[in-house]
Every structure is written in C-alpha cells, then in structure tokens.
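Here's the structure, in structure tokens; my notes come after.
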Amino acid sequence: MSAPRLADVVRVLERRYPPATAESWDAVGLVAGDPDVPVRKVLFAVDPVAEVADEALAWGADLVVTHHPLLLRGVHSMAATTFKGALLHRLVRAGCGLFTAHTNADAAAGGVADALAAVLGLVDLTPLVADDAAPLDKHVVFVPVADASAVVDAMAAAGAGALGDDDRCAWTTTGEGTFEPGPEARPAVGRVGERAVVVEARVEMVAPRGLRSAVVAAMRAAHPYEEPASDVLELAGTSGPTGTGRVGRLVVPTTLRDLAQHVADATPATAQGVRFAGDPDGLVERVAVVGGSGDPFFDAVRAAGVDAYVTADLRHHPASELRERAAFDAARRGGATTPYLVDLAHYASEWPWLAHAARALEADLADEGTTVETRVSVRSTDPWTGRAARADADS
C-alpha cells in the first residue's frame with residue numbers, strides 16, 4: 001500500500017478526535033507540516049519536548065503526534081532563539097510535522113480515558129461527566145444505482161458515515177426518480193426537453209456538522225448529475241458516549257493496596273510513583289478514572305458512587321477535604337470511607353493512550369488503502385527525575 005499525504009493523516013486523526021470537541025482554551029490540530037508531503041513514519045508521544053524531537057528525527061519520522069500542545073498559550077515569535085521556536089525549526093528543517101490531540105482526545109471514544117480504563121481492566125464503561133454528542137447532520141442524496149457506491153465512498157472519505165468504531169455506514173433504498181432537463185442543461189442521463197425516469201438509490205449518511213461543507217463537496221464531485229437532488233438535515237442532540245473520564249467495574253474486586261499496585265505495574269515508572277489515600281485493605285470494585293489533572297471532578301466522582309478514583313496531579317487541599325468528607329459521611333451513615341484516591345504522575349496517566357492511538361491510525365489508513373509505520377515514544381517526558389526521603393523515615 002502507498003503512503004498517505006499529511007493532509008490524509010490529519011483528516012483521519014481529526015475524525016477520531018474532532019477539534020470541535022476540544023475545550024475552548026485548548027490548541028489542537030496541525031502545528032507544523034506540509035499537507036501535501038507523504039507520511040511514512042509517525043511517532044506518538046505525550047509531550048512535544050526536545051528529547052521527543054531527538055527520537056523522532058533519529059528514527060526518520062515524518063510526523064510527531066503529541067497529546068500536550070506545544071503552543072497552548074499565545075506567542076509573538078517562533079524564532080529559533082526560543083526553546084519552542086528551536087524545536088519547531090528542527091522539525092521543519094527535517095520535514096517532520098507536528099500534530100496535537102489534547103482535550104479532544106481526552107473525551108473521545110477510544111481516547112485517553114478509555115485507554116486508562118482499559119489498562120486497569122475496567123468493564124461496563126460510562127463517562128464520568130458525559131458530553132452532549134457533537135452535533136450531527138444527516139445527508140440524504142438521490143443517485144443512479146450504478147453510481148451509489150462511488151458516492152458513498154466519496155462522502156465517507158470526507159468524514160461521513162462514522163458511527164462508533166465503524167466507518168462508511170450508510171442506508172440505501174431504491175425508487176424511481178423523474179426529471180426533465182432544461183434547455184441549458186447538459187444531462188448525464190436523458191435528453192433536453194424529454195422526461196427521464198431513472199431507478200435511483202436514496203443514500204443516507206450522518207456526519208459531524210463541522211464537516212458539512214466537505215461532505216457536500218465530496219458528494220457533488222462524485223455524483224454524475226449537474227445538480228444532485230440532496231438534503232442536509234440537522235439531527236437533534238443526544239447525550240453520547242463521550243465525556244470526561246470513565247466509570248467502570250473491576251471484574252474481580254480487589255483491595256485499595258492491590259489496585260494501586262496494579263496502577264503502578266500498568267503505567268510507566270515515574271519518580272512520584274503511585275500514591276493512595278484510604279484503607280489499604282478496603283474493598284474496591286467500582287472505579288472512576290481521569291487521565292491528567294483530576295481534582296476538578298471530585299463532585300462527579302462522589303455522585304458516581306465509586307469505591308476508588310484513579311487520576312493524576314491531586315492537590316493537597318482538595319484531596320484532604322474529599323477524604324475528610326468521606327470519613328464524616330461514613331461515621332454518620334456507616335460503611336466504608338469511600339471514595340479512595342489513587343494518584344499517579346500526569347504523564348503516566350495519559351501514556352496508555354499512545355498505543356491505542358497508534359493502532360487506530362494504522363487501521364483507519366489501511367481501510368483507505370494506505371499505510372504508515374507507527375511507534376510509541378520510549379522517552380519518559382515526566383519532568384521529575386528523582387525523589388528523596390528522610391533517612392529515618394519508615395518505608
């Protein structure tokens with residue numbers, strides 16, 4: 001199979017992680033790169049840092065996909081005299097692009113939250129904080145039966161027909177279409193001034209509303225008629241499977257101590273390690289996870305009624321207050337002092353997504369008849385390099 005263009009890779013990535021679902025403050029998408037160049041090697045990493053650039057260029061990568069943005073806040077210069085400018089200049093000189101999927105990958109199906117839940121063995125997943133599904137259109141087009149497959153292919157390539165893990169989803173039925181070409185027409189079917197009757201397929205496909213123009217343009221380019229008969233219907237919003245974090249169930253309940261150990265074994269080693277708060281022997285079955293900074297979601301965690309919450313970057317005061325409240329509630333009502341807390345490094349909590357994203361990109365491109373080689377970065381980009389403890393402290 002041939003190599004895709006960078007524009008094709010970006011289109012496939014943005015179909016998995018739609019930019020419209022990113023937080024308003026976020027900066028996602030293509031940061032650098034020529035859309036027309038071929039892409040043969042793609043490196044996935046959590047952070048766009050110098051060590052990752054070293055690894056990408058040594059391997060000969062054509063594109064680096066990172067979770068965290070390089071340019072999250074506005075800058076006034078990308079001169080190579082700044083560390084961010086120097087990194088971008090190195091990538092550009094080597095012909096290597098940079099793409100970011102951040103909060104749009106956090107909430108996506110198959111994104112950061114799902115990947116963290118998967119490595120912990122959670123099942124029966126639901127979002128911790130559900131998002132409204134991205135607004136959708138239904139595209140309806142009438143096309144001669146012989147041309148229906150080509151039109152469906154073109155619309156699918158533009159982003160229509162993606163439902164869950166399936167692509168090119170379409171509904172078709174047949175009937176008779178009738179029309180009379182006018183004096184200035186150049187009909188593909190029939191003759192000017194004569195009524196034509198054609199067996200046509202009615203094709204229905206859904207697509208994100210943000211892709212409306214691209215899907216309509218693709219349909220018109222593939223359609224044999226000068227003026228295709230088509231409709232675009234805005235679908236009512238519903239609560240979808242995307243959202244912040246996930247809540248799931250362990251197939252075999254465990255203790256808090258063993259859950260924390262499993263988290264440590266399933267994610268990269270870091271200087272911080274994995275901390276936990278609560279009864280080490282407390283029983284855990286129902287678990288919430290959030291990749292990245294998780295203490296803004298404590299209210300949702302309590303409302304979910306979970307036994308433990310696995311996340312990163314927990315601050316002293318919010319964590320202390322949550323545990324104090326759990327102890328207060330247990331004293332009044334009985335039961336365990338849940339939710340327990342399991343806190344790992346920010347980088348480690350998001351790292352499991354990289355392999356998921358790499359496999360998904362390969363599969364999506366293969367469906368389109370192209371191929372890339374992917375690799376997950378082996379460089380730890382956790383900023384902490386060590387820790388020290390009092391010599392007389394208990395282990």
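Identifiers for the structure tokens are assigned positionally: chains receive A, B, ... in sequence, residues are indexed from 1 per chain, and ligands are indexed from 1 in the order shown.
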
So that each row is one residue of range 220-289 of chain A with an atom at most 10 Å from range 205-216 of chain A, can you give its shortest atom pair and the distance in Å to one decimal, using only C-alpha atoms, rows by chain and rising number, as a tab-separated table?
residue	atom	partner	partner_atom	distance
A:Arg220	CA	A:Val216	CA	6.2
A:Ala221	CA	A:Val216	CA	8.6
A:Ser230	CA	A:Val216	CA	9.0
A:Asp231	CA	A:Val216	CA	9.6
A:Val232	CA	A:Arg212	CA	8.3
A:Leu233	CA	A:Val206	CA	9.2
A:Glu234	CA	A:Arg209	CA	7.8
A:Leu235	CA	A:Val206	CA	8.9

Query raised in the report: Do you know which residues are at most 10 Å from Arg73 in chain A counting only C-alpha atoms, after dropping those on the same chain fewer than 3 positions away, and could you put them as a ChimeraX atom specification?
Result: /A:25-27,69-70

Report task. Determine the nearest neighbour of Val287 in chain A from the options A:Leu87, A:Val247, A:Met219, A:Leu120, counting only C-alpha atoms. Result ->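 Of A:Leu87, A:Val247, A:Met219, A:Leu120, the one nearest Val287 in chain A is A:Val247, counting only C-alpha atoms.
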
Residues near range 37-41 of chain A, cut-off 10 Å, only C-alpha atoms, skip fewer than 3 positions along chain, as an mmCIF file with N, CA and C atoms, in the first residue's frame:
data_model
loop_
_atom_site.group_PDB
_atom_site.id
_atom_site.type_symbol
_atom_site.label_atom_id
_atom_site.label_comp_id
_atom_site.auth_asym_id
_atom_site.auth_seq_id
_atom_site.Cartn_x
_atom_site.Cartn_y
_atom_site.Cartn_z
ATOM 1 N N SER A 2 0.353 2.322 -0.567
ATOM 2 C CA SER A 2 1.100 3.568 -0.659
ATOM 3 C C SER A 2 1.026 4.344 0.641
ATOM 4 N N ALA A 3 1.909 5.345 0.741
ATOM 5 C CA ALA A 3 1.907 6.222 1.919
ATOM 6 C C ALA A 3 0.870 7.321 1.737
ATOM 7 N N PRO A 4 0.160 7.684 2.791
ATOM 8 C CA PRO A 4 -0.806 8.783 2.688
ATOM 9 C C PRO A 4 -0.095 10.133 2.691
ATOM 10 N N ARG A 5 -0.804 11.158 2.263
ATOM 11 C CA ARG A 5 -0.318 12.525 2.438
ATOM 12 C C ARG A 5 -0.572 12.971 3.880
ATOM 13 N N LEU A 6 0.155 13.979 4.316
ATOM 14 C CA LEU A 6 -0.067 14.516 5.656
ATOM 15 C C LEU A 6 -1.514 14.967 5.814
ATOM 16 N N ALA A 7 -2.083 15.570 4.780
ATOM 17 C CA ALA A 7 -3.479 16.014 4.859
ATOM 18 C C ALA A 7 -4.415 14.851 5.125
ATOM 19 N N ASP A 8 -4.125 13.670 4.556
ATOM 20 C CA ASP A 8 -4.965 12.493 4.785
ATOM 21 C C ASP A 8 -4.826 11.995 6.217
ATOM 22 N N VAL A 9 -3.605 12.027 6.748
ATOM 23 C CA VAL A 9 -3.387 11.598 8.133
ATOM 24 C C VAL A 9 -4.119 12.530 9.087
ATOM 25 N N GLY A 33 3.866 21.449 9.289
ATOM 26 C CA GLY A 33 3.919 20.399 8.288
ATOM 27 C C GLY A 33 3.242 20.813 6.992
ATOM 28 N N ASP A 34 3.716 20.238 5.881
ATOM 29 C CA ASP A 34 3.172 20.491 4.551
ATOM 30 C C ASP A 34 2.100 19.450 4.258
ATOM 31 N N ALA A 56 12.356 11.373 17.303
ATOM 32 C CA ALA A 56 11.643 11.396 16.028
ATOM 33 C C ALA A 56 12.603 11.547 14.856
ATOM 34 N N TRP A 59 14.805 8.475 14.192
ATOM 35 C CA TRP A 59 14.043 7.386 13.575
ATOM 36 C C TRP A 59 13.626 7.715 12.147
ATOM 37 N N GLY A 60 13.657 8.989 11.771
ATOM 38 C CA GLY A 60 13.209 9.416 10.457
ATOM 39 C C GLY A 60 11.715 9.615 10.373
ATOM 40 N N ALA A 61 11.095 10.035 11.458
ATOM 41 C CA ALA A 61 9.651 10.242 11.470
ATOM 42 C C ALA A 61 9.261 11.391 10.547
ATOM 43 N N ASP A 62 8.116 11.244 9.907
ATOM 44 C CA ASP A 62 7.551 12.308 9.078
ATOM 45 C C ASP A 62 6.528 13.130 9.850
ATOM 46 N N LEU A 63 6.072 12.594 10.995
ATOM 47 C CA LEU A 63 5.065 13.289 11.788
ATOM 48 C C LEU A 63 5.208 12.855 13.246
ATOM 49 N N VAL A 64 5.080 13.819 14.151
ATOM 50 C CA VAL A 64 5.002 13.546 15.589
ATOM 51 C C VAL A 64 3.600 13.931 16.034
ATOM 52 N N GLY A 95 11.690 18.104 7.749
ATOM 53 C CA GLY A 95 10.493 17.669 7.044
ATOM 54 C C GLY A 95 9.543 16.864 7.911
ATOM 55 N N CYS A 96 9.569 17.107 9.214
ATOM 56 C CA CYS A 96 8.733 16.359 10.153
ATOM 57 C C CYS A 96 7.626 17.276 10.672
ATOM 58 N N GLY A 97 6.388 16.852 10.545
ATOM 59 C CA GLY A 97 5.263 17.635 11.014
ATOM 60 C C GLY A 97 4.988 17.404 12.495
ATOM 61 N N THR A 370 -3.988 2.938 2.388
ATOM 62 C CA THR A 370 -2.652 3.485 2.604
ATOM 63 C C THR A 370 -2.089 2.909 3.903
ATOM 64 N N THR A 371 -0.827 3.148 4.142
ATOM 65 C CA THR A 371 -0.204 2.571 5.329
ATOM 66 C C THR A 371 0.872 3.491 5.883
ATOM 67 N N VAL A 372 1.024 3.464 7.205
ATOM 68 C CA VAL A 372 2.134 4.139 7.873
ATOM 69 C C VAL A 372 2.709 3.195 8.913
ATOM 70 N N GLU A 373 3.946 3.452 9.276
ATOM 71 C CA GLU A 373 4.573 2.747 10.391
ATOM 72 C C GLU A 373 4.483 3.662 11.612
ATOM 73 N N THR A 374 4.034 3.126 12.724
ATOM 74 C CA THR A 374 3.893 3.936 13.929
ATOM 75 C C THR A 374 4.825 3.422 15.016
ATOM 76 N N ARG A 375 5.123 4.319 15.948
ATOM 77 C CA ARG A 375 5.957 3.958 17.094
ATOM 78 C C ARG A 375 5.536 4.830 18.272
#

Find the nearest atom pair between each residue of range 99-157 of chain A and range 161-172 of chain A for residues within 9 Å, count only C-alpha atoms, give distances in Å to one decimal, sort rows by chain and ascending number, and present the table as JSON lines.
{"residue": "A:Ala109", "atom": "CA", "partner": "A:Gly164", "partner_atom": "CA", "distance": 7.6}
{"residue": "A:Gly110", "atom": "CA", "partner": "A:Asp165", "partner_atom": "CA", "distance": 8.8}
{"residue": "A:Ala148", "atom": "CA", "partner": "A:Thr172", "partner_atom": "CA", "distance": 8.5}
{"residue": "A:Val152", "atom": "CA", "partner": "A:Arg168", "partner_atom": "CA", "distance": 7.2}
{"residue": "A:Asp153", "atom": "CA", "partner": "A:Arg168", "partner_atom": "CA", "distance": 7.2}
{"residue": "A:Met155", "atom": "CA", "partner": "A:Gly161", "partner_atom": "CA", "distance": 7.7}
{"residue": "A:Ala156", "atom": "CA", "partner": "A:Arg168", "partner_atom": "CA", "distance": 5.2}
{"residue": "A:Ala157", "atom": "CA", "partner": "A:Arg168", "partner_atom": "CA", "distance": 8.3}

Query raised in the report: Taking the backbone alone, and naming residues the way the document does, which bits of range 85-282 of chain A are strand (DSSP E or B) by DSSP, as a PyMOL selection string?
Result: chain A and resi 97-100+122-132+136-144+163+166+171-179+196-208+229-234+239-255+275-277

Report task. Skip Arg195 in chain A itself and residues of its chain fewer than 3 positions away, then list as a ChimeraX atom specification all residues within 9 Å of it, counting only C-alpha atoms. Result -> /A:178-181,190-192

Write the residues you've just listed into a file as a compact mmCIF listing (two decimals), in the first residue's frame, and include N, CA and C atoms for each of them.
# COMPACT_ATOMS: atom_id res chain seq x y z
N THR A 178 -37.71 11.13 -11.40
CA THR A 178 -38.12 11.66 -12.70
C THR A 178 -37.72 13.13 -12.79
N PHE A 179 -37.31 13.55 -13.97
CA PHE A 179 -36.91 14.93 -14.20
C PHE A 179 -36.93 15.20 -15.70
N GLU A 180 -36.92 16.48 -16.06
CA GLU A 180 -36.88 16.89 -17.45
C GLU A 180 -35.78 17.93 -17.63
N PRO A 181 -34.66 17.57 -18.28
CA PRO A 181 -33.56 18.53 -18.46
C PRO A 181 -34.01 19.78 -19.21
N GLY A 190 -30.62 11.09 -19.85
CA GLY A 190 -31.77 11.69 -20.52
C GLY A 190 -31.39 12.73 -21.55
N ARG A 191 -32.43 13.36 -22.14
CA ARG A 191 -32.24 14.35 -23.19
C ARG A 191 -32.97 15.63 -22.84
N VAL A 192 -32.44 16.75 -23.36
CA VAL A 192 -33.07 18.04 -23.13
C VAL A 192 -34.50 18.03 -23.65

Query raised in the report: To one decimal place, how far is CA of Val119 in chain A from CA of Arg315 in chain A in Å?
Result: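 Answer for the CA of Val119 in chain A to CA of Arg315 in chain A separation: 24.2 Å.
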
Each residue of range 268-335 of chain A lying at most 8 Å from range 342-354 of chain A should get a row with its shortest atom-to-atom pair and the distance in Å to one decimal, counting only C-alpha atoms; could you produce that, ordered by chain and increasing number, as a Markdown table?
| residue | atom | partner | partner_atom | distance |
| --- | --- | --- | --- | --- |
| A:Pro268 | CA | A:Ala348 | CA | 5.5 |
| A:Ala269 | CA | A:Ala348 | CA | 7.5 |
| A:Thr270 | CA | A:Ala345 | CA | 6.8 |
| A:Gln272 | CA | A:Ala345 | CA | 6.3 |
| A:Gly273 | CA | A:Leu344 | CA | 6.3 |
| A:Val274 | CA | A:Leu344 | CA | 4.6 |
| A:Arg275 | CA | A:Asp343 | CA | 5.1 |
| A:Phe276 | CA | A:Val342 | CA | 4.3 |
| A:Ala277 | CA | A:Val342 | CA | 6.6 |
| A:Val290 | CA | A:Ser349 | CA | 8.0 |
| A:Gly291 | CA | A:Ser349 | CA | 5.0 |
| A:Gly292 | CA | A:His346 | CA | 4.9 |
| A:Ser293 | CA | A:His346 | CA | 6.7 |
| A:Ala308 | CA | A:Val342 | CA | 7.2 |
| A:Tyr309 | CA | A:Val342 | CA | 6.0 |
| A:Val310 | CA | A:Val342 | CA | 4.7 |
| A:Thr311 | CA | A:Asp343 | CA | 5.3 |
| A:Ala312 | CA | A:Leu344 | CA | 4.9 |
| A:Asp313 | CA | A:His346 | CA | 6.0 |
| A:Leu314 | CA | A:Asp343 | CA | 6.4 |

Query raised in the report: Which neighbours of Arg325 in chain A fall inside 12 Å, counting only C-alpha atoms, when residues of the same chain fewer than 3 positions from it are skipped, and could you give them as a PyMOL selection string?
Result: chain A and resi 298-299+302+318-322+328-332+336-340

Quick one: pick out all alpha helix (DSSP H) residues within range 301-348 of chain A from a backbone DSSP run and write them as a short mmCIF file (atom, residue, chain, number, x, y, z; two decimals) with C-alpha atoms, in the first residue's frame.
data_model
loop_
_atom_site.label_atom_id
_atom_site.label_comp_id
_atom_site.auth_asym_id
_atom_site.auth_seq_id
_atom_site.Cartn_x
_atom_site.Cartn_y
_atom_site.Cartn_z
CA VAL A 301 -16.73 11.22 41.49
CA ARG A 302 -18.78 11.42 44.68
CA ALA A 303 -22.02 11.47 42.67
CA ALA A 304 -20.92 8.36 40.76
CA HIS A 316 -3.32 18.70 48.98
CA HIS A 317 -6.41 20.68 49.97
CA PRO A 318 -8.98 19.16 47.58
CA ALA A 319 -7.73 15.64 48.35
CA SER A 320 -7.73 16.27 52.10
CA GLU A 321 -11.24 17.69 52.02
CA LEU A 322 -12.59 14.80 49.98
CA ARG A 323 -11.13 12.25 52.42
CA GLU A 324 -12.40 14.21 55.45
CA ARG A 325 -15.87 14.36 53.92
CA ALA A 326 -15.78 10.61 53.22
CA ALA A 327 -14.85 9.90 56.85
CA PHE A 328 -17.62 12.23 58.09
CA ASP A 329 -20.24 10.55 55.89
CA ALA A 330 -19.09 7.06 56.93
CA ALA A 331 -19.35 8.00 60.61
CA ARG A 332 -22.92 9.24 60.16
CA ARG A 333 -24.22 6.56 57.82
CA HIS A 346 0.28 13.25 34.96
CA TYR A 347 2.47 11.83 32.16
CA ALA A 348 1.92 8.24 33.28
#

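Candidate residues A:Ala160, A:Ala53, A:Leu125, A:Val143 were compared for distance to Val189 in chain A, and the nearest is A:Val143, using only C-alpha atoms.
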
Query raised in the report: Near Gly111 in chain A, counting only C-alpha atoms, which residues have an atom at most 9 Å away, once you skip same-chain residues fewer than 5 positions from it, shown as a ChimeraX atom specification?
Result: /A:16-17,104-106,116,353,356-357

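Distances here use only C-alpha atoms; by that measure, the residue among A:Thr174, A:Ser24, A:Thr244, A:Ser149 closest to Ala108 in chain A is A:Thr244.
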